[in-house]
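Inspection log for the structure reproduced underneath, given as structure tokens.
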Protein chains: 2
Amino acid sequence: MSEQNHRLPLSRERALAAAVALVDAEGLQALTMRRLAAELGVEAMSLYHHLPGKEGLLDGLVETVVGEIGAAAGRTAAAGDWRAALRQRFLSAREVMLRHPWAPTLLTSRSTIPAGLFAYYDAVVATMVGGGFSYRIAHRALHAFGSLALGFAQEVFRPGAADASFDADAAEAELAAMAQAVPHLTAMMVAEAHDAADPTLGWCDSQVEFEFTLDLLLDGLDRLRGGGESPWVQHGAVPGGAGSP
Amino acid sequence: MSEQNHRLPLSRERALAAAVALVDAEGLQALTMRRLAAELGVEAMSLYHHLPGKEGLLDGLVETVVGEIGAAAGRTAAAGDWRAALRQRFLSAREVMLRHPWAPTLLTSRSTIPAGLFAYYDAVVATMVGGGFSYRIAHRALHAFGSLALGFAQEVFRPGAADASFDADAAEAELAAMAQAVPHLTAMMVAEAHDAADPTLGWCDSQVEFEFTLDLLLDGLDRLRGGGESPWVQHGAVPGGAGSP
DNA sequence: ACCTGAACACCGTTCAAGT
DNA sequence: ACCTGAACACCGTTCAAGT
């Protein structure tokens with residue numbers, strides 16, 4: 001955004017900081033090598049002396065976000081049991097995502113795993129094993145959490161994610177036109193709208209949905225841990241999984 | 001792939017079919033307007049008479065996949081209760097995804113919701129309401145299922161998704177190098193590897209993970225439905241949600 | 001060493017012209 | 001109406017040249 005700092009030497013750190021600021025302000029599609037260079041008051045080709053191309057720039061952004069997630073987890077005091085600890089961890093990761101709304105899209109589009117993520121997942125597994133889970137269940141829990149562990153609920157389609165302007169009225173009108181084709185969806189929308197007791201943004205409050213899903217999973221895992229016999233406890237390998245496979 | 005059919009007139013259907021074939025064979029990044037035109041033995045600009053640009057082409061691909069999901073659900077005989085019905089639905093959606101490995105990446109990157117998806121979700125909600133759920137819980141369940149309802153577990157990072165060549169050995173070596181930094185992850189990997197009783201591809205069998213997570217959610221929802229008091233049953237609006245919030 | 005201008009190889013897309 | 005060649009406005013990136 002700012003074209004100051006003409007005299008500071010360019011560096012990977014300065015470039016990444018400018019990239020984060022640019023993307024926070026204008027979204028991912030605004031991030032081009034030429035544009036980023038212009039923000040830094042420099043020519044596009046100069047960036048290649050500090051970053052290995054566009055992919056390396058995106059990797060740097062991912063690294064930055066993952067670093068913030070780890071830092072956020074470190075700032076909050078350790079909670080009581082494994083359940084509270086994970087819940088707190090994931091919710092503080094969510095605050096990082098709220099600061100960087102472009103992060104979910106970026107994280108899910110990358111193919112290389114950032115090194116910093118392993119440390120984060122290691123802490124998650126440590127928390128679960130410390131809480132009495134086997135490595136096998138901890139492993140499956142990691143998959144089950146999915147993006148929740150990084151602080152966002154993966155919306156398969158996210159209207160308004162690409163362009164910031166999302167016409168909610170148009171979407172509602174479109175849905176109304178399909179009222180006869182999709183009676184249950186329509187009824188669901190009406191039922192949710194009529195219950196105006198709790199304040200929500202639109203008819204889907206993602207914070208509520210996030211915590212609902214998270215608690216559903218945590219409840220399920222807690223039941224696996226303490227339930228019936230306790231073959232899950234500790235790291236012993238158990239033949240069958242959970243559920244009805 | 002084939003440059004036959006020189007004489008058939010170009011059409012939206014032919015273009016989309018060729019696009020699916022191209023992407024099945026070479027991945028999403030191979031799909032350019034010029035390349036697709038070449039596959040059809042035509043010039044790039046001809047496509048614009050049948051498709052509204054690249055975005056419209058991608059929308060068409062999404063529409064095709066969603067159509068296949070709906071068709072797959074229609075083919076399988078209706079299962080017993082809501083739980084079996086949803087499980088069967090989502091697992092048959094997964095088979096569509098296995099046929100089109102590019103679909104998860106595409107679906108999660110789109111910002112406009114395909115019309116055909118509403119019909120699919122309507123059927124899911126109908127199944128849940130028929131099983132005794134309130135519209136509120138059905139709504140939250142829809143969010144909780146997330147990509148599982150469309151047949152894939154959203155992997156936040158998917159090595160090898162961008163380029164088809166994924167060096168598993170290199171990844172393992174990289175992880176081994178971090179053994180001291182991430183002791184629990186390492187121990188988890190070792191524990192899983194030593195239990196070679198069940199055959200898996202690599203050390204993560206995504207089919208097993210998919211069903212584990214799905215059953216975890218279905219179990220949790222089933223408990224919400226039948227548990228304790230039954231304010232959830234039927235469509236009455238209930239003040240509080242589930243879980244701790 | 002760090003930065004630069006010009007150029008290259010790709011995109012998606014517009015447009016006037018063909019038939 | 002459907003298709004085409006040439007051109008335009010962007011990308012990321014290479015390279016030889018500057019300092």
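Labels for the structure tokens follow display order: chains A, B, ..., residues from 1 in each chain, ligands from 1.
Interface residues of chain C facing chain B, defined by any atom at most 12 Å away and using only C-alpha atoms (C1' of nucleotides), are DC10, DC11, DG12, DT13, DT14 and DC15 of chain C.
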Deliver the residues from the most recent selection as a file, using N, CA and C atoms (P, O5', C5', C4', C3', O3' and C1' of nucleotides), as a tab-separated table (two decimals), in the first residue's frame.
chain	number	residue	atom	x	y	z
C	10	DC	P	5.55	-21.41	-24.83
C	10	DC	O5'	4.23	-20.56	-24.88
C	10	DC	C5'	3.09	-21.05	-24.25
C	10	DC	C4'	2.75	-20.19	-23.04
C	10	DC	C3'	1.25	-19.99	-22.88
C	10	DC	O3'	0.69	-21.09	-22.21
C	10	DC	C1'	2.51	-17.98	-22.39
C	11	DC	P	-0.70	-21.72	-22.69
C	11	DC	O5'	-1.70	-21.02	-21.67
C	11	DC	C5'	-2.31	-19.83	-22.09
C	11	DC	C4'	-2.69	-19.01	-20.90
C	11	DC	C3'	-4.06	-18.41	-21.07
C	11	DC	O3'	-4.98	-19.17	-20.32
C	11	DC	C1'	-2.46	-16.67	-20.83
C	12	DG	P	-6.33	-19.72	-20.96
C	12	DG	O5'	-7.24	-18.41	-20.87
C	12	DG	C5'	-7.44	-17.81	-19.60
C	12	DG	C4'	-8.01	-16.42	-19.79
C	12	DG	C3'	-9.32	-16.38	-20.55
C	12	DG	O3'	-10.24	-15.50	-19.91
C	12	DG	C1'	-7.72	-15.03	-21.66
C	13	DT	P	-11.72	-15.35	-20.44
C	13	DT	O5'	-11.57	-14.23	-21.56
C	13	DT	C5'	-11.02	-12.97	-21.21
C	13	DT	C4'	-10.88	-12.10	-22.43
C	13	DT	C3'	-12.13	-12.02	-23.32
C	13	DT	O3'	-12.67	-10.71	-23.22
C	13	DT	C1'	-10.10	-12.15	-24.57
C	14	DT	P	-14.08	-10.36	-23.95
C	14	DT	O5'	-13.60	-9.36	-25.10
C	14	DT	C5'	-12.52	-8.48	-24.85
C	14	DT	C4'	-12.22	-7.65	-26.09
C	14	DT	C3'	-13.43	-7.35	-26.99
C	14	DT	O3'	-13.34	-6.01	-27.45
C	14	DT	C1'	-11.76	-8.44	-28.25
C	15	DC	P	-14.60	-5.34	-28.21
C	15	DC	O5'	-14.11	-5.34	-29.74
C	15	DC	C5'	-12.72	-5.32	-30.01
C	15	DC	C4'	-12.47	-5.44	-31.52
C	15	DC	C3'	-13.73	-5.32	-32.38
C	15	DC	O3'	-13.42	-4.62	-33.57
C	15	DC	C1'	-12.68	-7.37	-32.82
- request: Compute the chain B side of the contact with chain A at 7 Å, counting only C-alpha atoms, and hand it back as a ChimeraX atom specification.
  value: /B:107-108,110-113,118-119,122,125-126,135-136,140,143-144,146-147,154-162,182,184-185,188,191-192,195,209,211-213,215-217,220,237,242-243
Those residues you just picked out, can you put them in a file as a compact mmCIF listing (two decimals), in the first residue's frame with C-alpha atoms?
# COMPACT_ATOMS: atom_id res chain seq x y z
CA LEU B 107 -14.98 -27.51 -6.33
CA THR B 108 -13.19 -25.83 -3.45
CA ARG B 110 -15.11 -21.98 -7.22
CA SER B 111 -17.06 -19.08 -5.79
CA THR B 112 -20.40 -19.62 -7.49
CA ILE B 113 -22.62 -22.44 -6.30
CA PHE B 118 -29.26 -27.33 -4.26
CA ALA B 119 -31.24 -30.36 -5.38
CA ASP B 122 -32.37 -30.72 -0.56
CA VAL B 125 -32.00 -32.36 4.32
CA ALA B 126 -35.12 -34.32 3.39
CA TYR B 135 -34.17 -28.05 10.34
CA ARG B 136 -31.67 -26.33 12.58
CA ARG B 140 -25.62 -27.47 11.02
CA HIS B 143 -21.97 -27.52 7.44
CA ALA B 144 -20.40 -30.21 9.59
CA GLY B 146 -18.71 -30.10 4.51
CA SER B 147 -16.89 -31.75 1.67
CA GLN B 154 -10.78 -31.88 2.37
CA GLU B 155 -7.07 -32.23 2.77
CA VAL B 156 -5.66 -28.86 3.66
CA PHE B 157 -2.39 -29.62 1.94
CA ARG B 158 -2.34 -32.27 -0.73
CA PRO B 159 1.14 -33.17 -1.90
CA GLY B 160 1.06 -34.22 -5.49
CA ALA B 161 -2.17 -32.46 -6.27
CA ALA B 162 -0.49 -29.83 -8.42
CA VAL B 182 8.65 -33.50 16.03
CA HIS B 184 5.25 -37.36 18.48
CA LEU B 185 4.64 -37.15 14.77
CA MET B 188 2.92 -41.82 15.30
CA ALA B 191 3.45 -46.92 15.24
CA GLU B 192 1.25 -46.85 12.16
CA ASP B 195 0.99 -52.27 12.28
CA GLU B 209 -9.96 -41.88 7.04
CA GLU B 211 -15.22 -43.41 6.68
CA PHE B 212 -13.76 -42.81 10.12
CA THR B 213 -14.60 -39.12 10.01
CA ASP B 215 -18.94 -42.27 11.13
CA LEU B 216 -17.67 -39.96 13.84
CA LEU B 217 -20.03 -37.27 12.61
CA GLY B 220 -22.50 -37.61 16.98
CA ALA B 237 -36.76 -23.98 16.77
CA ALA B 242 -25.24 -28.58 20.60
CA GLY B 243 -21.89 -28.87 22.33
task: Please identify all polymer residues within 8 Å of Ala15 of chain B, counting only C-alpha atoms (C1' of nucleotides), omitting same-chain residues fewer than 5 positions from it, and present them as an MDAnalysis selection string.
output: chainID B and resid 10 36 40 47
message: Just want the 9 Å neighbourhood of DC3 of chain C, counted on only C-alpha atoms (C1' of nucleotides), with same-chain residues fewer than 3 positions away dropped. Output as a list in words.
response: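 Once the adjacent positions are removed, what remains is Val42, Glu43, Met45 and Ser46 of chain A; DG18 and DT19 of chain D.
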For the residues in that selection, give me N, CA and C atoms (P, O5', C5', C4', C3', O3' and C1' of nucleotides) as a compact mmCIF listing (two decimals), in the first residue's frame.
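Dumped to selection_0.txt:
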# COMPACT_ATOMS: atom_id res chain seq x y z
N VAL A 42 9.92 -0.65 -6.47
CA VAL A 42 11.04 -1.35 -7.08
C VAL A 42 10.55 -2.02 -8.37
N GLU A 43 11.46 -2.53 -9.15
CA GLU A 43 11.05 -3.20 -10.38
C GLU A 43 10.75 -4.68 -10.11
N MET A 45 11.60 -7.40 -11.41
CA MET A 45 12.69 -8.37 -11.49
C MET A 45 13.56 -8.37 -10.24
N SER A 46 13.49 -7.29 -9.48
CA SER A 46 14.28 -7.21 -8.26
C SER A 46 13.85 -8.26 -7.24
P DG D 18 25.69 -1.67 -20.69
O5' DG D 18 24.61 -0.81 -19.89
C5' DG D 18 25.07 0.13 -18.94
C4' DG D 18 24.36 -0.09 -17.61
C3' DG D 18 25.05 0.56 -16.42
O3' DG D 18 24.52 1.85 -16.22
C1' DG D 18 24.15 -1.62 -15.89
P DT D 19 25.43 3.01 -15.72
O5' DT D 19 25.79 2.58 -14.23
C5' DT D 19 24.97 3.02 -13.13
C4' DT D 19 25.36 2.30 -11.85
C3' DT D 19 26.83 2.44 -11.46
O3' DT D 19 27.04 3.66 -10.74
C1' DT D 19 25.98 0.22 -11.04
Spatial neighbours of Ala73 of chain A, max dist 12 Å, only C-alpha atoms (C1' of nucleotides), sep filter under 5 positions, as a ChimeraX atom specification: /A:66-68,78-79,85-96,119-121,123-124,149-151
Please produce an output containing N, CA, C and O atoms for each residue in the selection, written as a CSV table (one decimal), in the first residue's frame.
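See part-v8.csv below for the written result:
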chain,number,residue,atom,x,y,z
A,66,VAL,N,1.2,-19.8,9.0
A,66,VAL,CA,1.4,-20.9,9.9
A,66,VAL,C,2.2,-20.5,11.1
A,66,VAL,O,1.9,-20.9,12.2
A,67,GLY,N,3.1,-19.6,10.9
A,67,GLY,CA,3.9,-19.0,12.0
A,67,GLY,C,3.0,-18.3,12.9
A,67,GLY,O,3.1,-18.4,14.2
A,68,GLU,N,2.0,-17.5,12.4
A,68,GLU,CA,1.1,-16.8,13.3
A,68,GLU,C,0.2,-17.8,14.1
A,68,GLU,O,-0.1,-17.5,15.2
A,78,ALA,N,-1.9,-22.6,28.7
A,78,ALA,CA,-2.3,-23.9,28.5
A,78,ALA,C,-3.6,-24.2,29.2
A,78,ALA,O,-3.7,-23.9,30.4
A,79,ALA,N,-4.5,-24.8,28.5
A,79,ALA,CA,-5.8,-25.1,29.1
A,79,ALA,C,-5.7,-26.5,29.9
A,79,ALA,O,-4.7,-27.1,30.0
A,85,ALA,N,-7.7,-28.0,25.7
A,85,ALA,CA,-6.5,-27.5,25.0
A,85,ALA,C,-6.6,-27.4,23.5
A,85,ALA,O,-6.2,-26.4,22.9
A,86,LEU,N,-7.2,-28.5,22.9
A,86,LEU,CA,-7.3,-28.5,21.5
A,86,LEU,C,-8.4,-27.4,21.1
A,86,LEU,O,-8.2,-26.7,20.1
A,87,ARG,N,-9.4,-27.4,21.8
A,87,ARG,CA,-10.5,-26.4,21.5
A,87,ARG,C,-9.9,-25.0,21.5
A,87,ARG,O,-10.1,-24.2,20.6
A,88,GLN,N,-9.1,-24.7,22.5
A,88,GLN,CA,-8.5,-23.4,22.6
A,88,GLN,C,-7.5,-23.1,21.5
A,88,GLN,O,-7.5,-22.0,20.9
A,89,ARG,N,-6.8,-24.1,21.2
A,89,ARG,CA,-5.8,-24.0,20.1
A,89,ARG,C,-6.5,-23.7,18.8
A,89,ARG,O,-6.1,-22.8,18.0
A,90,PHE,N,-7.5,-24.5,18.5
A,90,PHE,CA,-8.2,-24.3,17.2
A,90,PHE,C,-8.9,-23.0,17.1
A,90,PHE,O,-9.0,-22.4,16.0
A,91,LEU,N,-9.5,-22.6,18.2
A,91,LEU,CA,-10.2,-21.3,18.2
A,91,LEU,C,-9.3,-20.1,18.0
A,91,LEU,O,-9.6,-19.1,17.4
A,92,SER,N,-8.1,-20.2,18.6
A,92,SER,CA,-7.1,-19.1,18.4
A,92,SER,C,-6.5,-19.1,17.0
A,92,SER,O,-6.2,-18.1,16.5
A,93,ALA,N,-6.4,-20.3,16.4
A,93,ALA,CA,-6.1,-20.4,15.0
A,93,ALA,C,-7.1,-19.7,14.2
A,93,ALA,O,-6.8,-19.0,13.2
A,94,ARG,N,-8.3,-19.8,14.6
A,94,ARG,CA,-9.4,-19.2,13.8
A,94,ARG,C,-9.3,-17.7,13.8
A,94,ARG,O,-9.7,-17.0,12.8
A,95,GLU,N,-8.8,-17.2,14.9
A,95,GLU,CA,-8.6,-15.7,14.9
A,95,GLU,C,-7.6,-15.2,13.9
A,95,GLU,O,-7.7,-14.1,13.4
A,96,VAL,N,-6.6,-16.1,13.7
A,96,VAL,CA,-5.6,-15.7,12.7
A,96,VAL,C,-6.3,-15.7,11.3
A,96,VAL,O,-6.0,-14.8,10.5
A,119,ALA,N,5.5,-28.9,13.3
A,119,ALA,CA,5.6,-28.6,14.7
A,119,ALA,C,4.2,-28.4,15.3
A,119,ALA,O,4.0,-28.9,16.4
A,120,TYR,N,3.4,-27.7,14.6
A,120,TYR,CA,2.0,-27.5,15.1
A,120,TYR,C,1.3,-28.8,15.3
A,120,TYR,O,0.7,-29.1,16.3
A,121,TYR,N,1.3,-29.7,14.3
A,121,TYR,CA,0.7,-31.0,14.4
A,121,TYR,C,1.3,-31.8,15.4
A,121,TYR,O,0.6,-32.6,16.1
A,123,ALA,N,2.4,-30.8,18.2
A,123,ALA,CA,1.9,-30.4,19.5
A,123,ALA,C,0.5,-30.9,19.7
A,123,ALA,O,0.1,-31.3,20.8
A,124,VAL,N,-0.3,-31.0,18.6
A,124,VAL,CA,-1.7,-31.5,18.7
A,124,VAL,C,-1.6,-33.0,19.0
A,124,VAL,O,-2.4,-33.4,19.9
A,149,ALA,N,-8.4,-27.7,12.5
A,149,ALA,CA,-7.2,-27.6,13.3
A,149,ALA,C,-6.4,-26.3,12.9
A,149,ALA,O,-5.7,-25.8,13.7
A,150,LEU,N,-6.7,-25.8,11.7
A,150,LEU,CA,-6.0,-24.6,11.3
A,150,LEU,C,-6.9,-23.4,11.4
A,150,LEU,O,-6.6,-22.3,11.0
A,151,GLY,N,-8.1,-23.6,12.0
A,151,GLY,CA,-8.9,-22.5,12.3
A,151,GLY,C,-10.0,-22.1,11.3
A,151,GLY,O,-10.6,-21.0,11.4
- prompt: Which value, in Å to one decimal, gives the distance between atom CA of Ala37 of chain A and atom C1' of DC8 of chain D?
  reply: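 We find that atom CA of Ala37 of chain A and atom C1' of DC8 of chain D lie 23.6 Å from each other.
Relative to atom CA of His49 of chain B, atom C1' of DA7 of chain D is found at 19.4 Å.
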query: Using only C-alpha atoms (C1' of nucleotides), which residues sit within 12 Å of DA16 of chain C once same-chain residues fewer than 5 positions away are excluded, as a list in words?
result: DT4, DG5, DA6 and DA7 of chain D
Please produce an output containing N, CA, C and O atoms (P, O5', C5', C4', C3', O3' and C1' of nucleotides) for each residue in the selection, written as a PDB file, in the first residue's frame.
ATOM      1  P    DT D   4     -12.061 -22.634 -37.034  1.00  0.00           P
ATOM      2  O5'  DT D   4     -11.480 -21.222 -37.453  1.00  0.00           O
ATOM      3  C5'  DT D   4     -11.331 -20.896 -38.839  1.00  0.00           C
ATOM      4  C4'  DT D   4     -10.849 -19.466 -38.995  1.00  0.00           C
ATOM      5  C3'  DT D   4      -9.496 -19.167 -38.337  1.00  0.00           C
ATOM      6  O3'  DT D   4      -8.557 -18.906 -39.342  1.00  0.00           O
ATOM      7  C1'  DT D   4     -11.080 -17.436 -37.948  1.00  0.00           C
ATOM      8  P    DG D   5      -7.067 -19.455 -39.213  1.00  0.00           P
ATOM      9  O5'  DG D   5      -6.205 -18.111 -39.170  1.00  0.00           O
ATOM     10  C5'  DG D   5      -6.149 -17.274 -40.310  1.00  0.00           C
ATOM     11  C4'  DG D   5      -5.979 -15.829 -39.887  1.00  0.00           C
ATOM     12  C3'  DG D   5      -4.676 -15.543 -39.138  1.00  0.00           C
ATOM     13  O3'  DG D   5      -3.861 -14.673 -39.924  1.00  0.00           O
ATOM     14  C1'  DG D   5      -6.576 -14.570 -38.011  1.00  0.00           C
ATOM     15  P    DA D   6      -2.401 -14.284 -39.367  1.00  0.00           P
ATOM     16  O5'  DA D   6      -2.690 -12.911 -38.608  1.00  0.00           O
ATOM     17  C5'  DA D   6      -3.615 -11.980 -39.166  1.00  0.00           C
ATOM     18  C4'  DA D   6      -3.870 -10.825 -38.207  1.00  0.00           C
ATOM     19  C3'  DA D   6      -2.642 -10.402 -37.391  1.00  0.00           C
ATOM     20  O3'  DA D   6      -2.525  -8.996 -37.406  1.00  0.00           O
ATOM     21  C1'  DA D   6      -4.456 -10.846 -35.937  1.00  0.00           C
ATOM     22  P    DA D   7      -1.226  -8.297 -36.712  1.00  0.00           P
ATOM     23  O5'  DA D   7      -1.834  -7.689 -35.357  1.00  0.00           O
ATOM     24  C5'  DA D   7      -3.011  -6.887 -35.430  1.00  0.00           C
ATOM     25  C4'  DA D   7      -3.636  -6.763 -34.057  1.00  0.00           C
ATOM     26  C3'  DA D   7      -2.676  -6.259 -32.965  1.00  0.00           C
ATOM     27  O3'  DA D   7      -3.098  -4.985 -32.511  1.00  0.00           O
ATOM     28  C1'  DA D   7      -4.031  -8.098 -32.213  1.00  0.00           C
TER      29       DA D   7
END
